[in-house]
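Listing of my_file_4.txt; format and content: compact mmCIF, C-alpha atoms.
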```
# COMPACT_ATOMS: atom_id res chain seq x y z
CA MET A 26 39.96 -152.54 71.82
CA ASN A 27 39.37 -149.16 73.48
CA GLU A 28 38.50 -148.76 77.15
CA GLY A 29 34.89 -147.69 76.46
CA GLN A 30 34.21 -150.82 74.42
CA SER A 31 35.94 -153.02 76.99
CA ARG A 32 33.75 -151.69 79.81
CA GLN A 33 30.57 -152.20 77.77
CA ASP A 34 31.25 -155.82 76.78
CA VAL A 35 29.36 -156.83 79.95
CA TYR A 36 26.15 -155.64 78.24
CA VAL A 37 26.31 -158.22 75.42
CA GLY A 38 23.20 -160.39 75.69
CA LYS A 39 21.22 -157.76 77.62
CA ARG A 40 18.49 -155.65 76.04
CA LEU A 41 18.14 -151.89 75.80
CA ASN A 42 15.23 -150.33 77.68
CA LYS A 43 15.26 -147.13 75.59
CA ASN A 44 16.28 -145.77 72.20
CA ILE A 45 19.98 -144.92 71.85
CA TYR A 46 20.84 -141.80 69.83
CA ASN A 47 24.21 -140.42 68.76
CA GLU A 48 25.33 -136.82 69.35
CA THR A 49 23.57 -135.62 66.18
CA GLY A 50 20.24 -137.06 67.34
CA THR A 51 20.24 -140.01 64.92
CA LEU A 52 18.73 -143.23 66.25
CA VAL A 53 21.57 -145.77 66.52
CA ILE A 54 19.87 -148.72 68.23
CA PRO A 55 16.13 -148.93 69.04
CA ALA A 56 14.72 -149.87 72.43
CA TRP A 57 14.27 -153.57 73.29
CA ARG A 58 17.07 -154.70 70.96
CA VAL A 59 19.17 -157.50 72.47
CA LEU A 60 22.77 -156.26 72.31
CA THR A 61 25.42 -158.15 70.37
CA LYS A 62 29.19 -157.71 70.30
CA LYS A 63 28.85 -155.84 67.00
CA ASN A 64 26.43 -153.37 68.59
CA ILE A 65 28.96 -152.67 71.35
CA VAL A 66 31.75 -152.07 68.82
CA MET A 67 29.50 -149.71 66.86
CA LEU A 68 28.50 -147.76 70.00
CA ALA A 69 32.16 -147.41 71.00
CA SER A 70 33.03 -146.12 67.51
CA GLN A 71 30.46 -143.35 68.00
CA ARG A 72 31.68 -142.63 71.53
CA ILE A 73 28.37 -143.69 73.09
CA ILE A 74 28.78 -145.07 76.61
CA LEU A 75 25.97 -147.17 78.07
CA SER A 76 25.21 -147.43 81.77
CA GLU A 77 23.44 -150.09 83.85
CA ASP A 78 20.30 -147.92 83.71
CA ASP A 79 20.16 -148.33 79.90
CA VAL A 80 19.93 -152.14 79.90
CA GLU A 81 18.09 -154.99 81.56
CA PRO A 82 18.52 -158.76 81.72
CA VAL A 83 16.81 -160.93 79.12
CA THR A 84 15.03 -164.12 80.11
CA ILE A 85 15.82 -166.96 77.75
CA LEU A 86 12.21 -167.19 76.57
CA HIS A 87 12.16 -163.46 75.85
CA LEU A 88 15.34 -163.98 73.82
CA VAL A 89 13.53 -166.70 71.83
CA ASP A 90 10.55 -164.43 71.24
CA SER A 91 12.84 -161.55 70.20
CA ALA A 92 14.52 -163.86 67.70
CA ILE A 93 11.14 -164.97 66.33
CA LYS A 94 10.20 -161.34 65.68
CA GLU A 95 13.46 -160.84 63.77
CA VAL A 96 12.81 -164.03 61.78
CA ARG A 97 9.28 -162.89 60.93
CA ASP A 98 10.68 -159.63 59.54
CA LEU A 99 13.33 -161.56 57.58
CA PHE A 100 10.70 -163.81 55.94
CA ASP A 101 8.65 -160.72 55.04
CA HIS A 102 11.77 -159.26 53.41
CA ALA A 103 12.31 -162.48 51.40
CA ARG A 104 8.64 -162.62 50.40
CA ASN A 105 8.61 -159.05 49.10
CA LEU A 106 12.11 -158.64 47.65
CA ASP A 107 13.29 -162.19 46.75
CA GLN A 108 16.48 -161.65 48.73
CA ILE A 109 17.54 -161.19 52.37
CA PRO A 110 19.97 -158.86 54.16
CA PHE A 111 22.91 -160.93 55.36
CA THR A 112 23.98 -158.22 57.82
CA VAL A 113 20.72 -158.69 59.77
CA ILE A 114 21.27 -162.46 59.88
CA ARG A 115 24.95 -162.21 60.81
CA ASP A 116 24.74 -159.33 63.29
CA ARG A 117 21.33 -159.76 64.93
CA ILE A 118 19.68 -163.15 64.47
CA VAL A 119 22.56 -165.64 64.56
CA PRO A 120 24.15 -164.08 67.68
CA MET A 121 20.83 -164.60 69.50
CA ILE A 122 20.69 -168.22 68.35
CA MET A 123 24.30 -168.79 69.44
CA GLN A 124 23.44 -167.31 72.83
CA MET A 125 20.46 -169.70 73.14
CA SER A 126 22.66 -172.65 72.18
CA ASN A 127 24.92 -171.98 75.17
CA HIS A 128 22.03 -171.94 77.65
CA PRO A 129 22.36 -174.72 80.28
CA ASN A 130 18.73 -175.83 79.79
CA LEU A 131 18.42 -176.33 76.04
CA ASN A 132 15.32 -178.51 76.61
CA GLN A 133 13.43 -175.46 77.91
CA ILE A 134 14.19 -173.55 74.72
CA LEU A 135 13.32 -176.47 72.45
CA SER A 136 10.01 -176.97 74.30
CA HIS A 137 9.14 -173.31 73.72
CA LEU A 138 9.96 -173.76 70.02
CA GLU A 139 7.60 -176.74 69.68
CA LEU A 140 4.46 -174.60 69.88
CA TYR A 141 2.42 -174.48 66.69
CA ASP A 142 1.90 -170.74 66.29
CA GLU A 143 4.32 -169.14 63.83
CA TYR A 144 5.73 -172.60 63.24
CA VAL A 145 7.94 -171.74 60.27
CA TYR A 146 9.78 -169.07 62.27
CA ARG A 147 10.18 -171.22 65.39
CA HIS A 148 11.25 -174.15 63.23
CA SER A 149 14.01 -172.09 61.62
CA ILE A 150 15.47 -171.34 65.06
CA GLY A 151 14.96 -174.91 66.32
CA VAL A 152 16.74 -176.43 63.33
CA ALA A 153 19.63 -173.96 63.73
CA LEU A 154 20.03 -174.95 67.40
CA LEU A 155 19.81 -178.68 66.68
CA SER A 156 22.22 -178.39 63.73
CA LYS A 157 24.79 -176.77 66.01
CA LEU A 158 24.20 -179.55 68.56
CA ILE A 159 24.96 -182.16 65.88
CA GLY A 160 27.98 -180.21 64.64
CA LYS A 161 29.44 -180.18 68.16
CA ALA A 162 28.82 -183.91 68.47
CA ARG A 163 30.66 -184.39 65.16
CA GLY A 164 33.68 -182.38 66.36
CA PHE A 165 33.21 -179.24 64.25
CA ASP A 166 35.34 -176.20 65.12
CA GLU A 167 33.86 -172.78 66.00
CA VAL A 168 33.99 -171.46 62.43
CA GLN A 169 32.23 -174.56 61.08
CA LEU A 170 29.63 -174.38 63.87
CA LEU A 171 28.81 -170.78 63.00
CA GLU A 172 28.48 -171.66 59.28
CA LEU A 173 26.34 -174.71 60.05
CA THR A 174 24.10 -172.83 62.49
CA THR A 175 23.51 -170.07 59.92
CA ALA A 176 22.83 -172.59 57.15
CA GLY A 177 20.41 -174.45 59.44
CA PHE A 178 18.62 -171.23 60.24
CA LEU A 179 18.20 -170.38 56.53
CA HIS A 180 17.16 -173.86 55.37
CA ASP A 181 13.44 -173.03 55.05
CA ILE A 182 13.67 -169.41 53.86
CA GLY A 183 12.06 -170.52 50.58
CA LYS A 184 8.78 -171.05 52.47
CA ALA A 185 8.45 -167.27 52.40
CA LYS A 186 7.28 -167.77 48.78
CA ILE A 187 4.68 -170.45 49.62
CA PRO A 188 1.13 -169.14 50.29
CA SER A 189 0.41 -169.17 54.04
CA ALA A 190 -2.99 -170.74 53.35
CA ILE A 191 -1.14 -173.85 52.13
CA LEU A 192 1.57 -173.83 54.83
CA ASN A 193 -1.07 -173.51 57.57
CA LYS A 194 -3.76 -175.69 56.01
CA PRO A 195 -5.36 -177.75 58.80
CA GLY A 196 -6.18 -180.72 56.58
CA LYS A 197 -4.20 -182.98 54.26
CA LEU A 198 -2.57 -181.25 51.30
CA THR A 199 -3.69 -182.13 47.78
CA ASP A 200 -1.05 -183.54 45.44
CA GLU A 201 -0.83 -180.16 43.71
CA GLU A 202 -0.39 -178.32 47.02
CA TYR A 203 2.30 -180.76 48.15
CA GLU A 204 4.22 -180.25 44.91
CA LEU A 205 4.05 -176.50 45.50
CA VAL A 206 5.38 -176.87 49.06
CA LYS A 207 8.29 -178.95 47.74
CA ASP A 208 9.29 -175.96 45.61
CA HIS A 209 10.43 -174.17 48.79
CA THR A 210 13.83 -175.84 48.39
CA VAL A 211 14.39 -174.23 44.98
CA TYR A 212 12.93 -170.90 46.13
CA GLY A 213 15.29 -170.94 49.12
CA TYR A 214 18.27 -171.63 46.88
CA GLU A 215 17.32 -168.74 44.59
CA ILE A 216 16.69 -166.27 47.45
CA ILE A 217 20.06 -167.00 49.05
CA LYS A 218 21.91 -166.92 45.71
CA GLN A 219 20.41 -163.48 45.04
CA SER A 220 21.41 -162.16 48.49
CA ALA A 221 24.75 -160.36 48.72
CA GLY A 222 27.33 -161.78 51.11
CA ILE A 223 25.74 -165.15 51.91
CA PRO A 224 28.06 -168.13 51.25
CA GLU A 225 26.95 -170.35 48.37
CA ARG A 226 27.03 -173.40 50.63
CA HIS A 227 24.04 -172.02 52.55
CA ALA A 228 22.07 -171.97 49.29
CA TYR A 229 22.87 -175.65 48.72
CA VAL A 230 21.63 -176.53 52.22
CA ALA A 231 18.32 -174.81 51.44
CA LEU A 232 18.19 -176.79 48.18
CA GLN A 233 19.26 -180.19 49.54
CA HIS A 234 17.81 -180.55 53.05
CA HIS A 235 15.01 -182.81 51.77
CA GLU A 236 17.37 -185.07 49.80
CA ARG A 237 17.77 -188.54 51.31
CA GLU A 238 20.55 -191.13 51.47
CA ASP A 239 18.59 -193.70 49.43
CA GLY A 240 17.62 -191.22 46.68
CA SER A 241 13.99 -190.94 47.83
CA GLY A 242 14.18 -187.20 48.57
CA TYR A 243 13.65 -184.06 46.52
CA PRO A 244 14.13 -181.96 44.43
CA PHE A 245 16.73 -184.05 42.54
CA GLY A 246 16.69 -187.50 44.18
CA LEU A 247 20.38 -187.22 45.16
CA LYS A 248 22.02 -190.10 47.02
CA GLY A 249 24.67 -190.48 49.73
CA SER A 250 27.90 -188.73 48.78
CA GLU A 251 26.08 -186.44 46.32
CA ILE A 252 24.58 -184.58 49.31
CA ASP A 253 26.64 -181.96 51.18
CA VAL A 254 27.38 -182.92 54.81
CA TYR A 255 25.81 -179.69 56.09
CA SER A 256 22.63 -180.63 54.22
CA LYS A 257 22.68 -184.10 55.82
CA ILE A 258 23.01 -182.57 59.29
CA VAL A 259 20.23 -180.04 58.69
CA ALA A 260 18.04 -182.87 57.32
CA VAL A 261 18.34 -184.76 60.63
CA ALA A 262 17.63 -181.62 62.67
CA ASP A 263 14.70 -180.75 60.38
CA VAL A 264 13.07 -184.19 60.70
CA PHE A 265 13.43 -184.29 64.48
CA HIS A 266 12.10 -180.78 65.13
CA ALA A 267 9.18 -181.24 62.72
CA MET A 268 8.17 -184.49 64.45
CA VAL A 269 8.27 -183.15 68.02
CA SER A 270 6.47 -179.88 67.14
CA LYS A 271 2.78 -179.15 67.38
CA ARG A 272 1.39 -178.07 64.01
CA VAL A 273 -1.95 -176.66 62.96
CA TYR A 274 -2.74 -180.02 61.31
CA LYS A 275 -1.11 -182.44 63.80
CA ASN A 276 -0.15 -183.02 67.40
CA PRO A 277 3.48 -183.65 68.29
CA VAL A 278 4.67 -187.22 67.74
CA PRO A 279 5.29 -188.98 71.11
CA PHE A 280 8.96 -188.84 72.03
CA TYR A 281 9.51 -192.62 71.95
CA LYS A 282 8.02 -192.78 68.43
CA VAL A 283 10.36 -190.01 67.29
CA LEU A 284 13.33 -191.96 68.66
CA LYS A 285 12.16 -195.20 67.07
CA GLU A 286 11.42 -193.69 63.68
CA MET A 287 14.71 -191.81 63.54
CA SER A 288 16.63 -194.90 64.67
CA ASP A 289 14.91 -196.94 61.97
CA ASN A 290 15.68 -194.26 59.36
CA ALA A 291 19.32 -194.10 60.41
CA TYR A 292 20.06 -196.92 57.98
CA GLY A 293 17.73 -195.81 55.20
CA THR A 294 16.84 -192.24 54.42
CA LEU A 295 19.11 -190.37 56.88
CA ASP A 296 22.88 -190.50 57.31
CA PRO A 297 23.49 -193.19 59.99
CA ALA A 298 26.55 -191.69 61.68
CA ILE A 299 24.97 -188.23 61.89
CA THR A 300 21.62 -189.59 63.10
CA LEU A 301 23.09 -191.81 65.81
CA SER A 302 25.43 -189.10 67.11
CA PHE A 303 22.44 -186.72 67.23
CA LEU A 304 20.21 -189.18 69.10
CA LYS A 305 23.06 -189.84 71.55
CA ARG A 306 23.45 -186.09 72.17
CA ILE A 307 19.68 -185.57 72.62
CA MET A 308 19.48 -188.49 75.05
CA ASP A 309 22.57 -187.24 76.92
CA LEU A 310 20.65 -184.02 77.56
CA LEU A 311 17.95 -186.12 79.22
CA ILE A 312 20.24 -187.97 81.64
CA GLY A 313 18.82 -187.43 85.13
CA ASN A 314 15.29 -186.79 83.81
CA LYS A 315 12.37 -188.82 85.10
CA VAL A 316 10.60 -190.96 82.52
CA VAL A 317 7.52 -193.14 82.27
CA LEU A 318 8.06 -196.51 80.57
CA SER A 319 5.53 -198.18 78.29
CA ASP A 320 4.68 -200.70 81.07
CA GLY A 321 3.73 -197.84 83.41
CA ARG A 322 6.82 -197.88 85.61
CA GLU A 323 8.56 -194.61 86.43
CA GLY A 324 12.33 -194.26 86.50
CA LYS A 325 15.26 -192.02 85.72
CA ILE A 326 17.62 -192.07 82.71
CA VAL A 327 21.14 -192.74 84.02
CA MET A 328 23.18 -193.76 80.97
CA VAL A 329 22.97 -193.67 77.18
CA SER A 330 24.67 -196.12 74.81
CA GLU A 331 26.47 -194.78 71.75
CA GLN A 332 25.39 -197.78 69.68
CA ASP A 333 21.72 -197.66 70.67
CA PRO A 334 20.89 -194.22 72.14
CA ALA A 335 17.13 -194.72 71.77
CA HIS A 336 17.23 -197.44 74.48
CA PRO A 337 18.94 -195.97 77.56
CA PHE A 338 19.70 -197.42 80.97
CA VAL A 339 16.92 -196.47 83.40
CA GLU A 340 17.06 -196.63 87.20
CA ILE A 341 13.83 -197.83 88.82
CA ASN A 342 13.75 -197.96 92.62
CA GLY A 343 17.48 -198.64 92.83
CA CYS A 344 17.48 -201.29 90.06
CA TYR A 345 18.93 -200.69 86.59
CA VAL A 346 17.05 -201.65 83.43
CA ASP A 347 18.88 -201.80 80.09
CA LEU A 348 16.15 -201.00 77.56
CA SER A 349 18.33 -202.27 74.71
CA LYS A 350 17.75 -205.76 76.16
CA GLU A 351 14.07 -205.15 76.85
CA GLN A 352 12.90 -204.47 73.29
CA ASP A 353 9.21 -204.74 74.22
CA ILE A 354 9.60 -201.83 76.69
CA HIS A 355 10.42 -198.26 75.72
CA VAL A 356 10.43 -194.73 77.11
CA GLU A 357 6.83 -193.56 76.77
CA SER A 358 7.28 -189.98 77.96
CA ILE A 359 9.66 -187.56 79.67
CA VAL A 360 8.31 -186.33 83.03
CA GLY A 361 10.98 -183.75 83.83
```

Turn this file's structure into structure tokens for me.
Amino acid sequence: MNEGQSRQDVYVGKRLNKNIYNETGTLVIPAWRVLTKKNIVMLASQRIILSEDDVEPVTILHLVDSAIKEVRDLFDHARNLDQIPFTVIRDRIVPMIMQMSNHPNLNQILSHLELYDEYVYRHSIGVALLSKLIGKARGFDEVQLLELTTAGFLHDIGKAKIPSAILNKPGKLTDEEYELVKDHTVYGYEIIKQSAGIPERHAYVALQHHEREDGSGYPFGLKGSEIDVYSKIVAVADVFHAMVSKRVYKNPVPFYKVLKEMSDNAYGTLDPAITLSFLKRIMDLLIGNKVVLSDGREGKIVMVSEQDPAHPFVEINGCYVDLSKEQDIHVESIVG
């Protein structure tokens, strides 16, 4: 590493406030781009030295919105050319998602991603973040986490080929429309397979993320061990993020219903070990948060059980309530 690059590493994660040109006047990096490590290496190779005046901090929500813009462009590319540039994914989009995943308040990011506008793009980022969360809970190493995060991000790329009028239809889909939407798994597989440099496993995640443990999924009705573990993880992340998100045709599902439904599905359609470790990790993020219980009482989550993460220990006025032993009471909502 040369000295110029070393000095500029502090700018990774910040955004440029102006266009950066090389000595021949060629635009190297446009204004408002969030800088990645690869950008810094490239600038150093062209002997371009940034200063503090060239960059500014990025709020986490601006980072999310910058990523959404990149995702929108990527879907347009897939829609028009039936393939996607892996360099853009590897060098621009995934580094932003990895930066988000390390933010201390992941709930803030996920809440921002639950809005209904541009749902497909926000969902791609949300599933990538949640897939990484599951991977960490499952003990994946850094290489596996990067692969899984990228595969999670690309899982719905096939929706680029589905008419937006169907994806954003406010009412119930007809049987014919639903069958067309289901084709996004095959379209995603084909787009990734036709894209240079993208690992084949990512194509299988796009193809398999709607397969289910009991064989009730699509497109092939695969069961259990026939489904790749990355696909199983992305399936759990996909279901959770879809349920908690506002859509043009539905309001978000109340949090306690999401927990209950996913807990119930942990021994049916979804992989039980993956689902339970995910729910435990999500609930761990909520330790210390105030909650309202279904009987109207307010309390604070203080502990989460590995065996039954959907029913945490809640402190109410100095007393501890184990919701796993109070099955008629549940967490109604998260206050903050």

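Across the model, the gap from atom CA of A:His227 to atom CA of A:Gly242 is 18.5 Å.
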
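Among A:Gln71, A:Thr51, A:Asn193, A:Thr175, the residue with the shortest atom-to-atom distance to A:Pro224, counting all atoms listed in the file, is A:Thr175.
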
**Q.** Coordinates-based distance that separates atom CA of A:Ile85 from atom CA of A:Ala69 (Å, one decimal)
**A.**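 Answer for the atom CA of A:Ala69 to atom CA of A:Ile85 separation: 26.4 Å.
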
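Taking atom CA of A:Asp347 and atom CA of A:Met308 as endpoints, the distance between them is 14.2 Å.
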
Q: Find the residue from A:Thr174, A:Ser76, A:Gln133, A:Gln219 that sits nearest to A:Ile118; use all atoms listed in the file when measuring.
A: A:Thr174

Q. Using only C-alpha atoms, which residue out of A:Ile312, A:Leu140, A:Leu198, A:Leu135 lies closest to A:Asn276?
A.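 Of all the options, A:Leu140 lies closest to A:Asn276.
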
Q. Which is closest to A:Ala228 among A:Ile73, A:Val329, A:Leu173, A:Ala262, if we use all atoms listed in the file?
A. A:Leu173

Model the absent atoms of stretch 48-60 of chain A so that N, CA, C and O atoms are present, and write the result as an mmCIF file, in the frame of the given file.
```
data_model
loop_
_atom_site.group_PDB
_atom_site.id
_atom_site.type_symbol
_atom_site.label_atom_id
_atom_site.label_comp_id
_atom_site.auth_asym_id
_atom_site.auth_seq_id
_atom_site.Cartn_x
_atom_site.Cartn_y
_atom_site.Cartn_z
ATOM 1 N N GLU A 48 25.284 -138.243 68.970
ATOM 2 C CA GLU A 48 25.330 -136.820 69.350
ATOM 3 C C GLU A 48 24.613 -135.916 68.363
ATOM 4 O O GLU A 48 24.282 -134.771 68.680
ATOM 5 N N THR A 49 24.319 -136.428 67.147
ATOM 6 C CA THR A 49 23.570 -135.620 66.180
ATOM 7 C C THR A 49 22.067 -135.880 66.258
ATOM 8 O O THR A 49 21.288 -135.338 65.469
ATOM 9 N N GLY A 50 21.665 -136.755 67.183
ATOM 10 C CA GLY A 50 20.240 -137.060 67.340
ATOM 11 C C GLY A 50 19.737 -138.171 66.455
ATOM 12 O O GLY A 50 18.527 -138.426 66.376
ATOM 13 N N THR A 51 20.641 -138.881 65.776
ATOM 14 C CA THR A 51 20.240 -140.010 64.920
ATOM 15 C C THR A 51 20.070 -141.267 65.767
ATOM 16 O O THR A 51 20.916 -141.570 66.618
ATOM 17 N N LEU A 52 18.962 -141.992 65.515
ATOM 18 C CA LEU A 52 18.730 -143.230 66.250
ATOM 19 C C LEU A 52 19.779 -144.264 65.829
ATOM 20 O O LEU A 52 19.917 -144.586 64.654
ATOM 21 N N VAL A 53 20.509 -144.783 66.795
ATOM 22 C CA VAL A 53 21.570 -145.770 66.520
ATOM 23 C C VAL A 53 21.059 -147.179 66.760
ATOM 24 O O VAL A 53 21.217 -148.059 65.926
ATOM 25 N N ILE A 54 20.438 -147.408 67.912
ATOM 26 C CA ILE A 54 19.870 -148.720 68.230
ATOM 27 C C ILE A 54 18.525 -148.489 68.923
ATOM 28 O O ILE A 54 18.445 -147.731 69.893
ATOM 29 N N PRO A 55 17.449 -149.139 68.430
ATOM 30 C CA PRO A 55 16.130 -148.930 69.040
ATOM 31 C C PRO A 55 15.983 -149.659 70.366
ATOM 32 O O PRO A 55 16.706 -150.618 70.655
ATOM 33 N N ALA A 56 15.025 -149.217 71.154
ATOM 34 C CA ALA A 56 14.720 -149.870 72.430
ATOM 35 C C ALA A 56 14.326 -151.325 72.215
ATOM 36 O O ALA A 56 13.786 -151.688 71.167
ATOM 37 N N TRP A 57 14.618 -152.141 73.209
ATOM 38 C CA TRP A 57 14.270 -153.570 73.290
ATOM 39 C C TRP A 57 15.131 -154.457 72.397
ATOM 40 O O TRP A 57 14.897 -155.658 72.324
ATOM 41 N N ARG A 58 16.137 -153.883 71.727
ATOM 42 C CA ARG A 58 17.070 -154.700 70.960
ATOM 43 C C ARG A 58 18.000 -155.440 71.928
ATOM 44 O O ARG A 58 18.529 -154.862 72.870
ATOM 45 N N VAL A 59 18.200 -156.727 71.687
ATOM 46 C CA VAL A 59 19.170 -157.500 72.470
ATOM 47 C C VAL A 59 20.560 -157.197 71.916
ATOM 48 O O VAL A 59 20.805 -157.349 70.714
ATOM 49 N N LEU A 60 21.464 -156.745 72.758
ATOM 50 C CA LEU A 60 22.770 -156.260 72.310
ATOM 51 C C LEU A 60 23.712 -157.393 71.931
ATOM 52 O O LEU A 60 23.817 -158.403 72.643
#
```
